[in-house]
Amino acid sequence: MKGTNMALPLSMEALLQADLQEDVAYRDEGLSVVGIFGKSNMQPGAPKESIVNSLADKHIFSLFGGPEDGGTADSSIEAFYHQENRVLYLLLSSVSDSRQLLRACESLSANTGHSDSHELWKDLDRQHCLHLLYIFSVCHVLLLVHPNQTFDVTYDRLFRALDALRQKVLPLIRAAIKDCPVSKEWKLNCRPCPPRLLFVFQMNGSMKVSTNGSESGGNPDKPKKHSPRRRLQHALEDQIYRIFRKSRVLTNQSSNCLFTVPANQAFVYVIPTVDEDPVGALLSQLRSTCTVSETEPAVVVTGPRRYQQMRRSARQASYSGDPATLLMGGQLTDCSLKEFLWQHVELVLTKKGFDDSVGRNPQPSHFELPTYSKWVQIASKLHQVLISNTEEEIAELWSKVQGQLKVLEGFLDADTKFSENRCQKALPLAHSAYQSNLPHNYTTTVHKNQLAQALRVYSQHARGVAFQRYALQLHEDCYKFWSNGHQLCEERSLTDQHCVHKFHLLPQTGEKTDMDRNPPILNHNSRGRSTSACNCGRKQAPREDPFDIQAANYDFYQMLDEKCCGKLERIDFPVFQPSTLDPAPATNQAQRTPIEASGSTEVVVEKLKEPSTAQSTTPIPTESTTPIPTQSHTPIPAQSHTPTPAQSHTPVQSHTPADTSLSLALSLGQSTDSLGPYADGDGTETQVQPKRPSLMDRQPSTVEYLPGMMHSGCAKGLLPKFSSWSLVKLGPAKSYNCHTGLEHPGFLPGSSFLLPWDLVIRSRSEEDPDRLTEPLDGVNSSWPAPNKTLVGKRGSTGGLGRSRRRDDMARIFVGFEYEDSRGRRFISCGPDKIVKVLGPGGAKDPATRVLNTDMPLYIPSPSQGRGIKSHYAQLTRLFVVVPDSPLEVTLNPQVQPGPPPCPLFHPEQTDLVLPPDGFWVLRFPYSFCTDRGPCYPPKENQPLNNHKVLRGILKATAATPAPQ
């Protein structure tokens with residue numbers, strides 16, 4: 001190998017891969033390997049690099065550089081082979097150096113979490129340990145460099161971790177070097193000898209001693225026996241040896257130790273701090289060089305004589321008065337750093353080895369001085385196994401070595417160990433906080449609240465990198481405790497009350513309940529009970545809090561039908577009629593018609609009327625000159641036959657569907673002008689193009705059914721399996737006595753009277769036959785404004801005049817019944833008023849107020865209990881007494897049970913005409929539910945105006961008999 005090839009340091013990988021040949025003069029001589037590692041502070045110079053430069057008397061390593069030079073924070077080894085002295089220097093750089101530490105800090109981003117950054121430091125520490133184990137396995141002498149004069153006790157823990165790791169990977173290293181050309185002892189111990197560890201400390205400014213000769217009594221020529229630096233070295237040696245012996249890093253048998261220290265030689269060297277005088281340092285260096293060159297011939301001496309020559313040169317330089325070789329206080333140096341190292345290197349080069357075993361029967365340790373070629377072979381194998389892993393043959397051994405790195409965690413990762421111990425102590429406190437004041441069964445909300453409390457207690461005591469891991473364990477532990485017999489059923493009733501049972505399964509069809517199974521088979525129960533009346537309202541019974549819409553709106557009333565109103569005449573709403581054995585619920589409930597999708601919910605449907613069944617379109621004024629309620633301002637479903645705003649004064653036509661044999665013009669969606677004789681009214685009313693009926697409108701599906709209730713947002717052509725509404729007839733119109741009111745149970749005193757709705761029917765007068773086609777109200781056919789008198793001919797006011805016949809007046813009774821959960825019932829005469837009749841004669845308030853306004857679905861119950869919680873009464877029934885008169889009363893209920901965008905609920909058949917001479921009862925649904933879930937009743941302090949029944953629930957038109 002030529003000297004120029006090694007003029008610059010090489011990385012360990014480049015050194016092992018380079019095919020360099022030694023000179024013939026040095027090829028057969030042995031090689032001493034010196035490893036240098038340690039720490040450095042933030043001083044400008046690099047102490048380890050400067051030591052190599054001073055030992056080799058060359059500027060080899062650069063003393064300046066930083067993290068911006070493009071390097072990484074990973075550990076690395078640089079090598080320099082001083083061929084003349086037969087010494088190979090291995091310099092280890094790791095995260096312990098300030099330069100590498102700055103690079104590691106810059107690699108961490110600002111958003112890196114505490115756990116991620118800790119993992120980065122752990123990886124760097126593991127790399128450092130593997131590189132240390134490598135140089136402990138290939139070096140004869142090791143220099144530990146420390147930036148101050150205080151011994152770092154963390155090295156004790158580090159060396160114990162390395163010793164444990166070496167014992168674990170020793171069989172793997174033996175397998176890797178078994179074919180190398182080295183001695184049997186080297187293959188067995190996996191190192192040329194137990195390396196000798198030397199310590200080099202740097203003295204900082206606080207230990208600097210003045211050089212005025214005060215300690216020597218003013219005589220600088222009289223040296224003291226021991227200088228302060230020498231006393232410091234002896235104290236450090238005693239301290240280090242005592243620490244390592246106590247921790248059993250050093251034992252009597254050196255062959256079993258990770259490293260050794262000499263028993264009769266100095267192994268601690270303190271580098272003194274000199275004045276920062278670069279000019280003086282250069283002059284002294286020049287003076288010493290000139291002195292050596294004058295006294296000694298420049299002859300290159302090889303072999304052991306090199307060390308003798310260096311000691312003699314150093315001694316002469318010391319007595320020549322060189323300031324660089326003087327100690328503090330004017331005392332002469334015992335030895336320089338180079339002499340301190342070379343007294344150990346000489347033992348290697350002379351093949352004497354290290355005899356560092358102590359005790360009564362010391363055992364000699366093995367020693368081998370390899371040549372450069374042999375050392376490169378075994379160093380390359382160890383580098384593959386411990387660090388690089390670039391050969392496939394040793395990949396398996398490398399993976400096994402990586403698996404043994406867990407031995408280092410207990411020694412090196414003290415932060416994690418402390419954090420785990422701290423978090424483990426905080427877990428029982430957090431568990432106690434979670435289980436405090438807990439019922440036996442509780443809901444998810446309670447579980448989350450208790451878990452949040454447990455996490456607060458945990459965060460007060462837990463610290464470190466294991467915080468997140470044990471927090472997840474706390475989550476799992478609390479969830480296991482909750483799900484192991486403490487989980488409450490999460491199902492909520494239609495009145496927004498949860499089930500009181502623990503987590504259970506519902507019984508299947510024909511299956512019985514079983515409490516012994518895990519989970520048990522039970523029906524939902526919220527322990528809530530209320531009192532409700534049947535469809536007709538004549539019988540009350542207690543009911544359980546319902547959990548499904550069928551039990552709320554159908555099953556309970558079917559049970560009471562068998563005892564009360566099962567034999568009454570009724571009008572059945574259309575329901576789903578299956579044509580297959582296994583009908584399926586419809587899945588797409590969000591389907592809308594094209595007109596609804598465009599944002600308009602008001603669709604005009606002009607029905608075809610036969611001339612023989614045409615009805616009169618003349619409005620019927622009431623006795624109190626109050627108009628009949630017209631259509632609600634709120635949009636209604638497209639399938640309701642509702643007039644447009646342009647036709648708001650025109651009475652609604654019959655609910656009877658038109659003939660299914662539609663004309664070609666209607667089926668093609670043409671204008672009503674092309675319908676010929678089927679068009680009615682003037683041209684202004686027929687400009688709106690009718691909706692084209694589809695097959696879904698004409699015939700509902702018999703394969704898919706509507707899973708919920710009928711409302712404005714459900715798909716067309718679907719019907720539910722049961723109706724949530726009920727319309728029954730209590731008897732003829734005369735069965736209601738306006739003087740006694742409803743004789744049903746549960747009504748508050750004086751609140752069971754229906755409200756009168758007086759209608760005046762204008763018929764053809766015998767004295768004026770031409771009035772048959774003339775509207776009696778004047779020009780227009782609309783009702784007059786409320787509270788306005790109707791001025792007729794001859795200045796007479798509206799009312800029952802002399803020219804009218806007494807059978808022209810008709811009276812309809814209407815009552816909106818409210819019922820609370822305790823069965824208290826009453827009739828309302830306004831949105832905020834209850835009927836109160838104290839004397840005979842019945843209710844005096846007219847029904848126009850309740851018909852012309854949106855009635856609330858819930859109002860506060862007038863009979864509140866003693867508790868703080870307020871009770872609400874719900875609109876449950878509509879009583880309508882239709883007289884035996886030529887009137888057509890149309891029923892069109894629409895309920896909005898919640899704030900927008902809640903849909904409008906209506907029966908399966910809208911615009912239903914009530915037959916005359918009947919006492920009818922419309923029962924509203926107990927609960928309202930869509931495919932997205934139930935519409936819960938309002939809670940306390942919630943506005944009630946969003947829950948309402950829209951106006952226009954009743955409309956009346958005069959019916960004329962068919963022409964004969």
# chains A, B, ... in the order shown; residues from 1 in each chain; ligands from 1
$ residues_around --residues "range 72-80 of chain A" --least-positions-apart "4" --cutoff "6 Å" --atoms "only C-alpha atoms" --output "list in words"
Pro9, Leu10, Ser11, Met12, Leu88, Tyr89, Leu90, Leu91, Leu92, Ser93, Ser94, Gln100, Arg103, Ala104 and His128 of chain A
$ select_by_dssp --residues "range 93-261 of chain A" --states "strand (DSSP E)" --output "ChimeraX atom specification"
/A:93,141-146,196-202
$ select_by_dssp --residues "range 330-364 of chain A" --states "helix (DSSP H, G or I)" --output "PyMOL selection string"
chain A and resi 330+337-349
$ write_last_selection --atoms "all heavy atoms" --output "short mmCIF file (atom, residue, chain, number, x, y, z; two decimals), in the first residue's frame"
data_model
loop_
_atom_site.label_atom_id
_atom_site.label_comp_id
_atom_site.auth_asym_id
_atom_site.auth_seq_id
_atom_site.Cartn_x
_atom_site.Cartn_y
_atom_site.Cartn_z
N GLY A 330 4.90 25.49 36.47
CA GLY A 330 6.29 25.35 36.09
C GLY A 330 6.83 23.96 36.24
O GLY A 330 8.05 23.76 36.22
N LEU A 337 0.59 13.22 25.46
CA LEU A 337 -0.51 12.34 25.06
C LEU A 337 -0.01 11.23 24.14
O LEU A 337 -0.46 10.08 24.23
CB LEU A 337 -1.61 13.16 24.36
CG LEU A 337 -2.79 12.37 23.80
CD1 LEU A 337 -3.52 11.64 24.91
CD2 LEU A 337 -3.75 13.30 23.05
N LYS A 338 0.95 11.57 23.30
CA LYS A 338 1.49 10.55 22.40
C LYS A 338 2.25 9.49 23.18
O LYS A 338 2.13 8.29 22.90
CB LYS A 338 2.39 11.23 21.37
CG LYS A 338 2.76 10.35 20.20
CD LYS A 338 3.46 11.18 19.14
CE LYS A 338 3.73 10.32 17.91
NZ LYS A 338 4.41 11.10 16.84
N GLU A 339 3.03 9.92 24.17
CA GLU A 339 3.73 8.94 25.00
C GLU A 339 2.76 8.12 25.84
O GLU A 339 2.97 6.92 26.05
CB GLU A 339 4.72 9.65 25.91
CG GLU A 339 5.94 10.17 25.21
CD GLU A 339 6.93 10.75 26.19
OE1 GLU A 339 6.50 11.40 27.15
OE2 GLU A 339 8.14 10.53 25.99
N PHE A 340 1.71 8.78 26.32
CA PHE A 340 0.70 8.07 27.10
C PHE A 340 0.06 6.95 26.29
O PHE A 340 -0.14 5.84 26.80
CB PHE A 340 -0.36 9.06 27.58
CG PHE A 340 -1.60 8.41 28.14
CD1 PHE A 340 -1.61 7.84 29.41
CD2 PHE A 340 -2.77 8.35 27.39
CE1 PHE A 340 -2.73 7.24 29.92
CE2 PHE A 340 -3.91 7.75 27.90
CZ PHE A 340 -3.89 7.19 29.17
N LEU A 341 -0.20 7.18 25.04
CA LEU A 341 -0.80 6.14 24.20
C LEU A 341 0.23 5.12 23.76
O LEU A 341 -0.03 3.91 23.75
CB LEU A 341 -1.47 6.79 22.98
CG LEU A 341 -2.03 5.84 21.93
CD1 LEU A 341 -3.15 4.98 22.53
CD2 LEU A 341 -2.54 6.61 20.73
N TRP A 342 1.46 5.59 23.43
CA TRP A 342 2.43 4.66 22.85
C TRP A 342 3.01 3.68 23.86
O TRP A 342 3.52 2.64 23.47
CB TRP A 342 3.56 5.45 22.19
CG TRP A 342 3.19 5.77 20.77
CD1 TRP A 342 2.55 6.86 20.32
CD2 TRP A 342 3.45 4.94 19.65
NE1 TRP A 342 2.39 6.78 18.97
CE2 TRP A 342 2.93 5.60 18.52
CE3 TRP A 342 4.08 3.69 19.48
CZ2 TRP A 342 3.01 5.06 17.24
CZ3 TRP A 342 4.16 3.17 18.20
CH2 TRP A 342 3.61 3.85 17.09
N GLN A 343 2.92 3.96 25.13
CA GLN A 343 3.36 2.95 26.07
C GLN A 343 2.42 1.75 26.08
O GLN A 343 2.82 0.65 26.48
CB GLN A 343 3.46 3.54 27.47
CG GLN A 343 2.15 4.05 28.04
CD GLN A 343 2.31 4.64 29.42
OE1 GLN A 343 3.20 4.20 30.16
NE2 GLN A 343 1.48 5.60 29.76
N HIS A 344 1.19 1.91 25.62
CA HIS A 344 0.26 0.79 25.48
C HIS A 344 0.34 0.18 24.08
O HIS A 344 0.20 -1.04 23.93
CB HIS A 344 -1.18 1.26 25.76
CG HIS A 344 -1.37 1.87 27.10
ND1 HIS A 344 -1.49 1.14 28.25
CD2 HIS A 344 -1.44 3.18 27.48
CE1 HIS A 344 -1.64 1.95 29.29
NE2 HIS A 344 -1.62 3.20 28.85
N VAL A 345 0.58 1.05 23.09
CA VAL A 345 0.69 0.53 21.72
C VAL A 345 1.95 -0.32 21.58
O VAL A 345 1.98 -1.31 20.84
CB VAL A 345 0.67 1.69 20.71
CG1 VAL A 345 0.94 1.21 19.29
CG2 VAL A 345 -0.66 2.44 20.79
N GLU A 346 3.00 0.07 22.32
CA GLU A 346 4.25 -0.70 22.23
C GLU A 346 4.06 -2.13 22.71
O GLU A 346 4.67 -3.07 22.17
CB GLU A 346 5.34 -0.01 23.05
CG GLU A 346 6.69 -0.66 22.90
CD GLU A 346 7.71 -0.02 23.80
OE1 GLU A 346 7.32 0.43 24.91
OE2 GLU A 346 8.88 0.04 23.42
N LEU A 347 3.19 -2.33 23.70
CA LEU A 347 2.92 -3.70 24.16
C LEU A 347 2.25 -4.52 23.08
O LEU A 347 2.41 -5.75 23.03
CB LEU A 347 2.05 -3.66 25.41
CG LEU A 347 2.65 -2.98 26.65
CD1 LEU A 347 1.63 -2.94 27.78
CD2 LEU A 347 3.92 -3.69 27.09
N VAL A 348 1.51 -3.85 22.21
CA VAL A 348 0.86 -4.57 21.11
C VAL A 348 1.87 -4.87 20.01
O VAL A 348 1.93 -6.00 19.49
CB VAL A 348 -0.33 -3.74 20.57
CG1 VAL A 348 -0.98 -4.44 19.40
CG2 VAL A 348 -1.33 -3.47 21.66
N LEU A 349 2.64 -3.87 19.63
CA LEU A 349 3.56 -4.07 18.53
C LEU A 349 4.68 -5.03 18.87
O LEU A 349 5.22 -5.73 18.00
CB LEU A 349 4.16 -2.72 18.11
CG LEU A 349 3.14 -1.71 17.52
CD1 LEU A 349 3.82 -0.39 17.23
CD2 LEU A 349 2.50 -2.28 16.28
#
$ atom_distance --atom1 "CA of Gly746 in chain A" --atom2 "CA of Gly841 in chain A"
21.5 Å
$ residues_around --residues "Phe753 in chain A" --least-positions-apart "6" --cutoff "8 Å" --atoms "only C-alpha atoms" --output "MDAnalysis selection string"
chainID A and resid 738 740:742 815 827 835 837 842:843
$ write_last_selection --atoms "C-alpha atoms" --output "CSV table (one decimal), in the first residue's frame"
chain,number,residue,atom,x,y,z
A,738,CYS,CA,-124.1,19.6,22.2
A,740,THR,CA,-123.7,17.4,27.4
A,741,GLY,CA,-120.6,17.0,25.2
A,742,LEU,CA,-118.6,13.9,24.8
A,815,GLY,CA,-113.2,19.1,18.1
A,827,ILE,CA,-110.8,19.8,23.6
A,835,VAL,CA,-112.7,24.7,25.9
A,837,VAL,CA,-118.1,25.3,29.4
A,842,GLY,CA,-122.5,23.9,24.9
A,843,ALA,CA,-119.4,25.6,23.6
$ residues_around --residues "Gln508 in chain A" --least-positions-apart "6" --cutoff "12 Å" --atoms "only C-alpha atoms" --output "ChimeraX atom specification"
/A:514,521-523
$ write_last_selection --atoms "N, CA and C atoms" --output "tab-separated table (two decimals), in the first residue's frame"
chain	number	residue	atom	x	y	z
A	514	ASP	N	-85.60	-15.34	27.36
A	514	ASP	CA	-84.70	-16.19	28.14
A	514	ASP	C	-83.67	-15.28	28.81
A	521	ILE	N	-82.31	-12.89	25.94
A	521	ILE	CA	-83.32	-12.60	24.92
A	521	ILE	C	-84.50	-11.94	25.61
A	522	LEU	N	-84.68	-10.66	25.35
A	522	LEU	CA	-85.72	-9.87	26.02
A	522	LEU	C	-86.31	-8.88	25.04
A	523	ASN	N	-87.51	-8.42	25.39
A	523	ASN	CA	-88.11	-7.31	24.68
A	523	ASN	C	-87.66	-6.01	25.32
$ atom_distance --atom1 "CA of His366 in chain A" --atom2 "CA of Ile243 in chain A"
25.5 Å
$ residues_around --residues "Arg422 in chain A" --least-positions-apart "5" --cutoff "9 Å" --atoms "only C-alpha atoms" --output "short mmCIF file (atom, residue, chain, number, x, y, z; two decimals) with N, CA, C and O atoms, in the first residue's frame"
data_model
loop_
_atom_site.label_atom_id
_atom_site.label_comp_id
_atom_site.auth_asym_id
_atom_site.auth_seq_id
_atom_site.Cartn_x
_atom_site.Cartn_y
_atom_site.Cartn_z
N LYS A 417 -38.37 3.18 30.23
CA LYS A 417 -38.57 2.39 31.44
C LYS A 417 -39.22 3.22 32.55
O LYS A 417 -40.16 2.77 33.23
N LEU A 427 -52.42 3.80 35.92
CA LEU A 427 -53.57 3.03 35.42
C LEU A 427 -54.57 2.66 36.51
O LEU A 427 -55.77 2.83 36.32
N HIS A 461 -51.02 11.98 36.13
CA HIS A 461 -49.96 11.19 36.76
C HIS A 461 -49.02 10.55 35.75
O HIS A 461 -47.86 10.29 36.07
N ALA A 462 -49.49 10.24 34.55
CA ALA A 462 -48.66 9.54 33.57
C ALA A 462 -47.74 10.53 32.86
O ALA A 462 -48.11 11.68 32.61
N ARG A 463 -46.56 10.07 32.52
CA ARG A 463 -45.57 10.90 31.84
C ARG A 463 -44.78 10.03 30.87
O ARG A 463 -44.72 8.82 30.99
N GLY A 464 -44.16 10.70 29.90
CA GLY A 464 -43.18 10.05 29.06
C GLY A 464 -43.74 9.50 27.77
O GLY A 464 -44.89 9.73 27.38
N ALA A 466 -44.42 6.48 26.91
CA ALA A 466 -45.41 5.41 26.99
C ALA A 466 -46.80 5.94 27.30
O ALA A 466 -47.72 5.14 27.52
#
$ residues_around --residues "Thr260 in chain A" --least-positions-apart "5" --cutoff "8 Å" --atoms "only C-alpha atoms" --output "VMD selection string"
chain A and resid 194 to 197 250 254 356
$ closest_residue --among "A:Leu912, A:His440, A:Phe267, A:Gln468" --to "Ser419 in chain A" --atoms "only C-alpha atoms"
A:Gln468
